[in-house]
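The data block below is my_file_30.txt; it holds compact mmCIF, C-alpha atoms and all ligand atoms.
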# COMPACT_ATOMS: atom_id res chain seq x y z
CA MET W 1 -211.07 8.71 113.26
CA LYS W 2 -209.80 8.33 116.85
CA LYS W 3 -206.28 9.66 116.86
CA LEU W 4 -204.48 12.45 115.02
CA GLY W 5 -200.77 13.15 114.68
CA VAL W 6 -199.23 16.63 114.48
CA LEU W 7 -195.73 17.50 113.29
CA THR W 8 -193.70 20.52 112.20
CA ALA W 9 -191.22 20.10 109.34
CA GLY W 10 -188.72 22.17 107.37
CA GLY W 11 -187.63 25.66 108.34
CA ASP W 12 -189.18 27.00 111.53
CA ALA W 13 -191.49 29.99 111.41
CA PRO W 14 -193.04 32.16 114.12
CA GLY W 15 -196.54 30.91 114.90
CA MET W 16 -195.80 27.21 114.45
CA ASN W 17 -196.44 26.74 118.16
CA ALA W 18 -199.72 28.62 117.91
CA ALA W 19 -200.72 26.36 115.02
CA ILE W 20 -199.82 23.21 117.00
CA ARG W 21 -201.88 24.48 119.91
CA ALA W 22 -204.88 25.19 117.66
CA ALA W 23 -204.74 21.79 115.96
CA VAL W 24 -204.26 19.90 119.24
CA ARG W 25 -207.03 21.68 121.09
CA THR W 26 -209.46 21.45 118.17
CA ALA W 27 -208.86 17.70 117.94
CA LEU W 28 -209.24 17.26 121.71
CA SER W 29 -212.44 19.33 121.69
CA TYR W 30 -213.90 16.82 119.22
CA GLY W 31 -212.90 13.90 121.46
CA LEU W 32 -209.87 12.77 119.44
CA GLU W 33 -206.56 11.70 120.91
CA VAL W 34 -203.48 13.55 119.73
CA ALA W 35 -199.91 12.39 119.20
CA GLY W 36 -197.21 15.00 118.71
CA ILE W 37 -194.34 13.87 116.53
CA GLU W 38 -190.95 15.40 117.27
CA ARG W 39 -188.46 16.60 114.64
CA GLY W 40 -190.72 16.47 111.61
CA TYR W 41 -190.63 13.54 109.21
CA GLY W 42 -187.40 12.41 110.91
CA GLY W 43 -189.36 11.78 114.12
CA LEU W 44 -192.00 9.91 112.19
CA TYR W 45 -189.26 7.55 111.02
CA GLU W 46 -187.69 7.26 114.48
CA LYS W 47 -191.09 6.82 116.18
CA ALA W 48 -190.68 9.95 118.30
CA PHE W 49 -194.35 10.12 119.33
CA LEU W 50 -195.57 12.12 122.34
CA LYS W 51 -199.03 11.94 123.83
CA LEU W 52 -200.41 15.48 123.91
CA ASP W 53 -203.18 16.80 126.11
CA SER W 54 -204.56 20.27 126.49
CA ARG W 55 -201.91 21.22 129.06
CA SER W 56 -199.10 20.09 126.75
CA VAL W 57 -199.79 23.13 124.60
CA SER W 58 -200.30 25.68 127.40
CA GLY W 59 -198.25 28.86 127.34
CA ILE W 60 -196.89 28.50 123.80
CA ILE W 61 -199.20 30.75 121.76
CA ASN W 62 -196.75 33.64 122.13
CA LYS W 63 -193.54 31.65 121.68
CA SER W 64 -191.70 31.55 118.40
CA GLY W 65 -190.37 28.33 116.89
CA THR W 66 -191.83 24.90 117.54
CA PHE W 67 -191.77 22.93 120.77
CA LEU W 68 -192.12 19.75 118.69
CA LYS W 69 -188.78 20.69 117.05
CA THR W 70 -188.06 20.43 113.35
CA LYS W 71 -185.24 19.10 111.24
CA ARG W 72 -184.52 18.46 107.58
CA PHE W 73 -184.99 14.81 106.65
CA PRO W 74 -184.29 14.42 102.93
CA GLN W 75 -184.64 10.62 103.22
CA PHE W 76 -188.40 11.16 103.30
CA LYS W 77 -188.20 11.56 99.52
CA GLU W 78 -187.63 7.79 99.30
CA LYS W 79 -190.72 5.66 99.15
CA ASP W 80 -189.42 2.85 101.38
CA VAL W 81 -188.64 5.44 104.10
CA ARG W 82 -192.19 6.74 103.83
CA GLU W 83 -193.46 3.16 103.97
CA LYS W 84 -191.73 2.69 107.33
CA CYS W 85 -193.26 5.98 108.53
CA ARG W 86 -196.66 4.76 107.43
CA ARG W 87 -196.17 1.56 109.44
CA ASN W 88 -195.08 3.59 112.48
CA LEU W 89 -198.24 5.67 112.23
CA ALA W 90 -200.38 2.51 112.04
CA GLU W 91 -198.61 0.93 115.03
CA GLU W 92 -199.25 4.11 116.99
CA GLY W 93 -202.92 4.09 115.95
CA VAL W 94 -202.60 7.48 114.23
CA GLU W 95 -205.24 7.76 111.51
CA GLY W 96 -204.63 11.28 110.24
CA LEU W 97 -201.71 13.70 110.15
CA VAL W 98 -201.53 17.47 110.40
CA VAL W 99 -198.26 18.75 108.91
CA ILE W 100 -197.17 22.30 109.69
CA GLY W 101 -194.49 23.59 107.34
CA GLY W 102 -193.49 25.07 104.03
CA ASP W 103 -193.22 24.02 100.43
CA GLY W 104 -190.99 20.98 101.06
CA SER W 105 -193.22 19.83 103.91
CA ALA W 106 -196.17 20.07 101.52
CA ARG W 107 -194.35 17.74 99.09
CA GLY W 108 -193.71 15.30 101.91
CA ALA W 109 -197.34 15.35 103.06
CA TYR W 110 -198.56 14.89 99.50
CA ALA W 111 -196.18 11.98 98.87
CA LEU W 112 -197.20 10.19 102.09
CA SER W 113 -200.88 10.75 101.47
CA SER W 114 -200.91 9.78 97.81
CA ASP W 115 -198.65 6.71 98.20
CA PHE W 116 -200.69 5.10 100.94
CA ASP W 117 -204.06 6.83 100.73
CA PHE W 118 -203.28 8.29 104.15
CA PRO W 119 -205.26 11.30 105.47
CA ALA W 120 -202.95 14.32 105.69
CA ALA W 121 -203.57 18.08 105.91
CA LEU W 122 -201.06 20.88 105.58
CA ILE W 123 -200.96 24.11 107.54
CA PRO W 124 -198.74 26.44 105.47
CA ALA W 125 -196.11 27.95 107.75
CA SER W 126 -193.15 29.80 106.30
CA ILE W 127 -191.51 33.18 106.64
CA ASP W 128 -191.22 33.27 102.81
CA ASN W 129 -194.95 33.27 101.96
CA ASP W 130 -194.04 31.25 98.88
CA ILE W 131 -196.75 28.59 98.95
CA TYR W 132 -199.29 28.42 96.17
CA GLY W 133 -202.97 28.62 97.11
CA THR W 134 -202.88 30.88 100.14
CA ASP W 135 -202.51 34.65 100.38
CA PHE W 136 -200.54 34.27 103.60
CA THR W 137 -198.54 31.66 105.47
CA VAL W 138 -198.18 31.38 109.24
CA GLY W 139 -195.10 33.40 110.23
CA PHE W 140 -194.84 35.72 107.25
CA ASP W 141 -196.43 38.74 108.89
CA THR W 142 -194.12 38.35 111.91
CA ALA W 143 -190.99 38.01 109.76
CA VAL W 144 -191.93 41.07 107.69
CA ASN W 145 -192.51 43.11 110.84
CA THR W 146 -189.18 42.01 112.31
CA ALA W 147 -187.33 42.96 109.13
CA VAL W 148 -189.23 46.26 108.84
CA SER W 149 -188.25 47.37 112.33
CA ALA W 150 -184.62 46.42 111.66
CA VAL W 151 -184.59 48.38 108.38
CA ASP W 152 -186.27 51.36 110.10
CA ASN W 153 -183.39 51.43 112.58
CA ILE W 154 -180.85 51.22 109.77
CA ARG W 155 -182.66 54.05 107.97
CA ASP W 156 -182.08 56.32 110.97
CA THR W 157 -178.32 55.92 110.54
CA ALA W 158 -178.51 56.04 106.75
CA THR W 159 -180.30 59.39 106.87
CA SER W 160 -178.13 60.94 109.57
CA HIS W 161 -174.87 59.97 107.88
CA GLU W 162 -176.15 60.35 104.32
CA ARG W 163 -175.21 56.74 103.63
CA THR W 164 -176.54 54.14 101.28
CA PHE W 165 -177.35 50.77 102.83
CA VAL W 166 -177.75 47.38 101.26
CA VAL W 167 -179.91 45.22 103.53
CA GLU W 168 -179.97 41.51 102.80
CA VAL W 169 -183.16 39.74 103.82
CA MET W 170 -184.14 36.08 103.62
CA GLY W 171 -185.59 34.54 100.47
CA ARG W 172 -183.48 32.04 98.54
CA GLU W 173 -185.77 31.44 95.61
CA LYS W 174 -188.58 33.92 96.02
CA GLY W 175 -188.65 37.65 96.61
CA ASN W 176 -191.99 37.72 98.44
CA LEU W 177 -190.50 38.71 101.79
CA ALA W 178 -188.04 41.20 100.28
CA ILE W 179 -190.62 43.03 98.22
CA GLU W 180 -193.08 43.29 101.10
CA VAL W 181 -190.34 44.67 103.36
CA ALA W 182 -189.23 47.10 100.62
CA VAL W 183 -192.72 48.57 100.24
CA ALA W 184 -193.25 48.78 103.99
CA CYS W 185 -189.89 50.52 104.57
CA GLY W 186 -190.06 52.87 101.62
CA ALA W 187 -186.90 51.32 100.18
CA GLU W 188 -185.58 52.97 97.04
CA ILE W 189 -184.49 49.76 95.31
CA VAL W 190 -185.42 46.10 95.69
CA ILE W 191 -183.50 43.20 94.15
CA VAL W 192 -185.26 39.83 94.00
CA PRO W 193 -184.36 36.43 92.51
CA GLU W 194 -187.26 36.60 90.05
CA ILE W 195 -185.88 39.63 88.20
CA LYS W 196 -182.23 39.82 87.30
CA MET W 197 -180.71 43.18 88.13
CA GLU W 198 -177.08 43.80 87.14
CA GLY W 199 -174.90 46.00 89.32
CA GLU W 200 -174.81 48.55 86.49
CA LYS W 201 -178.56 49.02 86.74
CA VAL W 202 -178.28 49.64 90.50
CA VAL W 203 -175.58 52.25 89.74
CA ARG W 204 -177.86 53.93 87.22
CA LEU W 205 -180.79 54.00 89.67
CA LEU W 206 -178.60 55.44 92.44
CA LYS W 207 -177.30 58.14 90.09
CA GLU W 208 -180.87 59.06 89.15
CA GLN W 209 -181.79 59.29 92.82
CA GLU W 210 -178.74 61.41 93.55
CA MET W 211 -179.78 63.82 90.81
CA LYS W 212 -183.16 64.12 92.48
CA GLY W 213 -181.45 65.18 95.69
CA LYS W 214 -181.53 61.92 97.63
CA ALA W 215 -178.52 61.74 99.91
CA SER W 216 -179.23 58.27 101.27
CA SER W 217 -180.91 55.18 99.93
CA ILE W 218 -181.97 51.78 101.15
CA ILE W 219 -181.53 48.79 98.86
CA ILE W 220 -183.36 45.62 99.91
CA LEU W 221 -181.65 42.53 98.53
CA ALA W 222 -183.19 39.05 98.77
CA GLU W 223 -180.44 36.57 99.66
CA GLY W 224 -181.16 34.50 96.54
CA ALA W 225 -180.48 37.50 94.30
CA GLY W 226 -176.93 38.17 95.47
CA LYS W 227 -174.70 38.84 98.44
CA ALA W 228 -174.92 42.18 100.22
CA GLU W 229 -171.18 42.24 100.81
CA GLU W 230 -170.36 41.81 97.11
CA LEU W 231 -172.93 44.32 95.90
CA THR W 232 -171.68 46.85 98.46
CA ALA W 233 -168.05 46.38 97.35
CA PHE W 234 -169.10 46.86 93.71
CA LEU W 235 -171.11 50.01 94.48
CA GLN W 236 -168.37 51.46 96.67
CA LYS W 237 -165.97 51.25 93.71
CA GLU W 238 -168.47 53.02 91.49
CA PHE W 239 -169.20 55.71 94.09
CA PRO W 240 -165.91 56.28 95.96
CA GLU W 241 -167.25 59.51 97.44
CA LYS W 242 -170.29 57.81 99.01
CA GLN W 243 -170.39 55.81 102.22
CA ILE W 244 -172.00 52.51 101.32
CA ARG W 245 -172.66 49.96 104.05
CA TYR W 246 -174.48 46.68 104.31
CA SER W 247 -176.34 44.62 106.85
CA VAL W 248 -177.41 40.98 106.67
CA LEU W 249 -180.53 40.45 108.79
CA GLY W 250 -180.20 36.64 108.80
CA TYR W 251 -181.81 34.49 111.46
CA ILE W 252 -183.41 37.32 113.44
CA GLN W 253 -186.17 37.12 110.83
CA ARG W 254 -187.11 33.59 111.90
CA GLY W 255 -187.64 34.33 115.58
CA GLY W 256 -189.59 36.77 117.68
CA SER W 257 -192.97 36.57 119.32
CA PRO W 258 -195.65 36.01 116.65
CA THR W 259 -197.74 39.04 115.73
CA TYR W 260 -201.48 38.96 116.30
CA LEU W 261 -202.07 38.33 112.58
CA THR W 262 -199.77 35.31 112.64
CA ARG W 263 -201.51 33.96 115.74
CA VAL W 264 -205.02 34.45 114.36
CA LEU W 265 -204.04 32.74 111.12
CA ALA W 266 -202.48 29.86 113.06
CA ALA W 267 -205.70 29.45 115.06
CA GLN W 268 -207.89 29.51 111.95
CA PHE W 269 -205.64 27.09 110.07
CA GLY W 270 -205.24 24.69 113.01
CA LYS W 271 -208.99 24.37 113.44
CA ALA W 272 -209.67 24.09 109.69
CA ALA W 273 -206.97 21.43 109.17
CA VAL W 274 -208.42 19.15 111.85
CA GLU W 275 -211.98 19.64 110.65
CA THR W 276 -210.93 18.88 107.07
CA LEU W 277 -209.45 15.55 108.18
CA MET W 278 -212.49 14.74 110.33
CA GLU W 279 -214.69 15.23 107.28
CA GLY W 280 -212.60 12.59 105.54
CA LYS W 281 -211.22 15.08 103.01
CA TYR W 282 -207.56 14.70 102.05
CA PRO W 283 -204.95 15.59 101.02
CA PHE W 284 -205.64 19.32 101.34
CA MET W 285 -203.83 22.42 102.43
CA VAL W 286 -205.79 24.99 104.40
CA GLY W 287 -205.24 28.55 103.27
CA ILE W 288 -206.67 32.05 103.27
CA ARG W 289 -207.92 33.99 100.26
CA GLY W 290 -209.13 37.46 101.08
CA SER W 291 -210.77 36.88 104.45
CA GLU W 292 -212.01 33.39 103.64
CA ILE W 293 -210.43 30.18 104.94
CA VAL W 294 -210.18 27.77 102.02
CA ARG W 295 -209.04 24.22 101.24
CA VAL W 296 -206.69 23.69 98.35
CA PRO W 297 -205.84 20.21 97.00
CA LEU W 298 -202.24 19.42 97.95
CA LYS W 299 -201.67 18.20 94.42
CA ARG W 300 -202.22 21.75 93.19
CA VAL W 301 -200.12 23.21 95.95
CA VAL W 302 -197.10 21.09 94.98
CA SER W 303 -197.51 21.51 91.24
CA CYS W 304 -198.17 25.26 91.03
CA SER W 305 -195.89 28.14 91.83
CA LYS W 306 -196.86 31.22 93.79
CA LEU W 307 -196.00 34.48 92.10
CA MET W 308 -194.39 37.37 93.84
CA PRO W 309 -196.69 40.43 94.04
CA TYR W 310 -195.21 42.07 90.92
CA GLY W 311 -197.45 45.12 91.37
CA HIS W 312 -195.31 46.05 94.37
CA LEU W 313 -192.40 46.78 92.02
CA ASP W 314 -194.34 49.57 90.40
CA ILE W 315 -195.15 51.02 93.82
CA ILE W 316 -191.47 50.97 94.83
CA ASN W 317 -190.35 52.58 91.55
CA ARG W 318 -193.00 55.30 91.69
CA MET W 319 -192.27 56.15 95.32
CA ALA W 320 -188.50 56.38 94.77
CA ILE W 321 -188.63 59.88 93.32
P1 LIG A 401 -189.90 23.63 104.03
O1 LIG A 401 -191.06 22.78 104.40
O2 LIG A 401 -189.69 24.75 105.01
O3 LIG A 401 -189.95 24.08 102.58
P2 LIG A 401 -187.85 21.62 103.36
O4 LIG A 401 -187.77 21.95 101.91
O5 LIG A 401 -186.61 21.28 104.10
O6 LIG A 401 -188.54 22.77 104.21
O7 LIG A 401 -188.82 20.37 103.49
C1 LIG A 401 -189.14 19.83 104.77
C2 LIG A 401 -189.04 18.34 104.73
O8 LIG A 401 -190.04 17.81 103.85
C3 LIG A 401 -187.74 17.79 104.18
O9 LIG A 401 -186.71 17.76 105.17
C4 LIG A 401 -188.16 16.39 103.79
O10 LIG A 401 -188.25 15.55 104.93
C5 LIG A 401 -189.59 16.63 103.25
N1 LIG A 401 -189.61 16.78 101.77
C6 LIG A 401 -189.19 17.84 101.05
N2 LIG A 401 -189.35 17.64 99.73
C7 LIG A 401 -189.91 16.41 99.59
C8 LIG A 401 -190.32 15.60 98.49
N3 LIG A 401 -190.19 16.04 97.22
N4 LIG A 401 -190.86 14.38 98.75
C9 LIG A 401 -190.99 13.94 100.01
N5 LIG A 401 -190.61 14.65 101.10
C10 LIG A 401 -190.08 15.86 100.92

Using structure tokens, write down the structure from this file.
Amino acid sequence: MKKLGVLTAGGDAPGMNAAIRAAVRTALSYGLEVAGIERGYGGLYEKAFLKLDSRSVSGIINKSGTFLKTKRFPQFKEKDVREKCRRNLAEEGVEGLVVIGGDGSARGAYALSSDFDFPAALIPASIDNDIYGTDFTVGFDTAVNTAVSAVDNIRDTATSHERTFVVEVMGREKGNLAIEVAVACGAEIVIVPEIKMEGEKVVRLLKEQEMKGKASSIIILAEGAGKAEELTAFLQKEFPEKQIRYSVLGYIQRGGSPTYLTRVLAAQFGKAAVETLMEGKYPFMVGIRGSEIVRVPLKRVVSCSKLMPYGHLDIINRMAI
């Protein structure tokens, strides 16, 4: 193998730049050439290749987002589009591809690799931590920390004014981010897409907490489980005497300088992804289990679903007394 390609696809996550840097420098250290591909699979189709050297990735380890850019490119689901991408890679002399991204990016990498027997490796990067086969994704720790400090600030007001706050965090299909934030913030209630919770149940829980002398509560709501505005309006009707407010954290959770854990993970994954390809092993995702860096077949990654840490629910319920 003489030349590797690197791209970032799907939603951006803090630490993508650190992962690009690690993959590029590992490849260069082994004497490979590296092509960066801009705008994910879209750039692969449009032949947006950039020659990368060691200096191209200087000064980005601490920057959020991805300097290679990313965009959604649903056309990549079509085989003839992937065929053109495969030809573009061949014309560019790229013999292996490191894809940095989430669940959808994993599907894209698996489709490209399995259709054309093309070497591809995935570095899981997502603020949702919803990818099967790895305990953590690049960016998750940063996003949790960003949300935690925002909720801590909201808690100050909630306590002082004896208010109840509904805080909506990201997570369309999975509650992994929400539940982690809820435990870390000592939230009283968490509502996630995996477990239906009717407004009436929230009312009941708030009444129980009131009886225990709690004057303010924090409810963490994953965006896929409902809208903070609607839940707040419903609760306000049920508790006219209470001041109930909401906050939608939104895109602030995607940005911010990556934490040290995110950066270390990005470095470990970047190196492991390149070495996996150099050993001729594909298609794999690199991941972490416990403290061990592992390789997981992409086929498993795309066919299995990662479970939310359900044990956290018990912690939240027991602490909310
Ligand atoms: P993420 O990687 O963050 O989950 P997306 O779901 O948008 O983000 O996926 C990123 C990109 O991966 C998509 O824009 C598309 O180009 C590609 N992709 C997603 N799903 C598939 C699929 N089933 N087959 C091929 N490519 C896919």

What is the distance, in Å and to one decimal place, between atom CA of W:Ile191 and atom CA of W:Ile131? 20.3 Å

Need the shell around stretch 142-157 of chain W: protein/DNA/RNA residues with any atom at most 7 Å away, counting all atoms listed in the file. Skip same-chain ones fewer than 3 positions apart. Format as a PyMOL selection string? chain W and resi 14+127+139+160-161+177+181+184-185+253-254+258-259+262

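With all atoms listed in the file as the basis for measurement, W:Leu298 is the residue among W:Val6, W:Leu313, W:Leu298, W:Ile244 that approaches W:Ala109 most closely.
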
Please give me, as a tab-separated table (two decimals) with C-alpha atoms, in the coordinates of the input, the residues lying within 6 Å of ligand LIG 401 (chain A) when counting only C-alpha atoms and all ligand atoms.
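Final file, selection25.tsv:
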chain	number	residue	atom	x	y	z
W	9	ALA	CA	-191.22	20.10	109.34
W	10	GLY	CA	-188.72	22.17	107.37
W	11	GLY	CA	-187.63	25.66	108.34
W	41	TYR	CA	-190.63	13.54	109.21
W	72	ARG	CA	-184.52	18.46	107.58
W	73	PHE	CA	-184.99	14.81	106.65
W	74	PRO	CA	-184.29	14.42	102.93
W	76	PHE	CA	-188.40	11.16	103.30
W	77	LYS	CA	-188.20	11.56	99.52
W	101	GLY	CA	-194.49	23.59	107.34
W	102	GLY	CA	-193.49	25.07	104.03
W	103	ASP	CA	-193.22	24.02	100.43
W	104	GLY	CA	-190.99	20.98	101.06
W	105	SER	CA	-193.22	19.83	103.91
W	107	ARG	CA	-194.35	17.74	99.09
W	108	GLY	CA	-193.71	15.30	101.91
W	111	ALA	CA	-196.18	11.98	98.87

What are the nearest atom pairs, with distances in Å to one decimal, for all residues of stretch 195-289 of chain W that come at most 12 Å from stretch 27-31 of chain W, using all atoms listed in the file, set out by chain and rising residue number as a tab-separated table?
residue	atom	partner	partner_atom	distance
W:Gly270	CA	W:Ala27	CA	9.3
W:Lys271	CA	W:Ala27	CA	8.0
W:Ala272	CA	W:Ala27	CA	10.5
W:Ala273	CA	W:Ala27	CA	9.7
W:Val274	CA	W:Ala27	CA	6.3
W:Glu275	CA	W:Ala27	CA	8.2
W:Thr276	CA	W:Ala27	CA	11.1
W:Leu277	CA	W:Ala27	CA	10.0
W:Met278	CA	W:Ala27	CA	8.9

Hey, can you spit out that residue selection with C-alpha atoms as a CSV table (one decimal), in the coordinates of the input?
chain,number,residue,atom,x,y,z
W,270,GLY,CA,-205.2,24.7,113.0
W,271,LYS,CA,-209.0,24.4,113.4
W,272,ALA,CA,-209.7,24.1,109.7
W,273,ALA,CA,-207.0,21.4,109.2
W,274,VAL,CA,-208.4,19.2,111.8
W,275,GLU,CA,-212.0,19.6,110.6
W,276,THR,CA,-210.9,18.9,107.1
W,277,LEU,CA,-209.4,15.6,108.2
W,278,MET,CA,-212.5,14.7,110.3

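Minimum distance to W:Ser56 across W:Gln75, W:Asn17, W:Gln268, W:Ser216 (counting only C-alpha atoms) occurs at W:Asn17.
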
Do you know which residues are at most 12 Å from W:Lys79 counting all atoms listed in the file, after dropping those on the same chain fewer than 6 positions away, and could you put them as a PDB file with C-alpha atoms, in the frame of the given file?
ATOM      1  CA  CYS W  85    -193.260   5.980 108.530  1.00  0.00           C
ATOM      2  CA  ARG W  86    -196.660   4.760 107.430  1.00  0.00           C
ATOM      3  CA  GLY W 108    -193.710  15.300 101.910  1.00  0.00           C
ATOM      4  CA  ALA W 111    -196.180  11.980  98.870  1.00  0.00           C
ATOM      5  CA  LEU W 112    -197.200  10.190 102.090  1.00  0.00           C
ATOM      6  CA  SER W 113    -200.880  10.750 101.470  1.00  0.00           C
ATOM      7  CA  SER W 114    -200.910   9.780  97.810  1.00  0.00           C
ATOM      8  CA  ASP W 115    -198.650   6.710  98.200  1.00  0.00           C
ATOM      9  CA  PHE W 116    -200.690   5.100 100.940  1.00  0.00           C
TER      10      PHE W 116
END

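For the choices W:Ala267, W:Ile219, W:Ala121, W:Leu249, the atom-to-atom distance to W:Arg295 is smallest for W:Ala121 when using all atoms listed in the file.
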
Counting all atoms listed in the file, figure out which residue out of W:Val264, W:Val302, W:Val202, W:Ile100 gets nearest to W:Leu235. W:Val202

So, with all atoms listed in the file as the atoms that count, which of W:Asp130, W:Glu162, W:Glu91, W:Glu168 lies closest to W:Ala225?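 Of W:Asp130, W:Glu162, W:Glu91, W:Glu168, the one nearest W:Ala225, counting all atoms listed in the file, is W:Glu168.
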
Rounded to one decimal in Å, what is the spacing between atom CA of W:Leu206 and atom CA of W:Phe140? 29.5 Å

Using all atoms listed in the file, find the one residue out of W:Ala125, W:Ala233, W:Ile195, W:Val248 that sits nearest to W:Gly287. W:Ala125

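Interatomic distance, atom CA of W:Gly255 against atom CA of W:Gly42: 22.4 Å.
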
Pick out the residues sitting within 9 Å of W:Gly93, and hand them over as a tab-separated table (two decimals) with C-alpha atoms, keeping the file's coordinate frame; count all atoms listed in the file, and ignore anything fewer than 5 positions along from it in its own chain.
chain	number	residue	atom	x	y	z
W	2	LYS	CA	-209.80	8.33	116.85
W	3	LYS	CA	-206.28	9.66	116.86
W	4	LEU	CA	-204.48	12.45	115.02
W	88	ASN	CA	-195.08	3.59	112.48

Please identify all polymer residues within 9 Å of W:Asn129, counting all atoms listed in the file, omitting same-chain residues fewer than 3 positions from it, and present them as a ChimeraX atom specification. /W:102,124-126,132,134-141,174,176-177,306

For W:Lys227, please output as a PyMOL selection string all residues within 10 Å (counting only C-alpha atoms; exclusion window: fewer than 5 positions along the same chain). chain W and resi 166-168+221-222+232+246+248

Centre and edges of the stretch 201-210 of chain W box, axis-aligned, 4 Å extra per side, as lines of an AutoDock Vina configuration file:
center_x = -178.7
center_y = 55.2
center_z = 90.1
size_x = 14.2
size_y = 20.4
size_z = 14.8

Counting all atoms listed in the file, which residues have an atom no more than 8 Å from (-202.5, 19.0, 97.4) in the file's coordinates? Please list them as a PyMOL selection string. chain W and resi 106+110+283-285+296-302
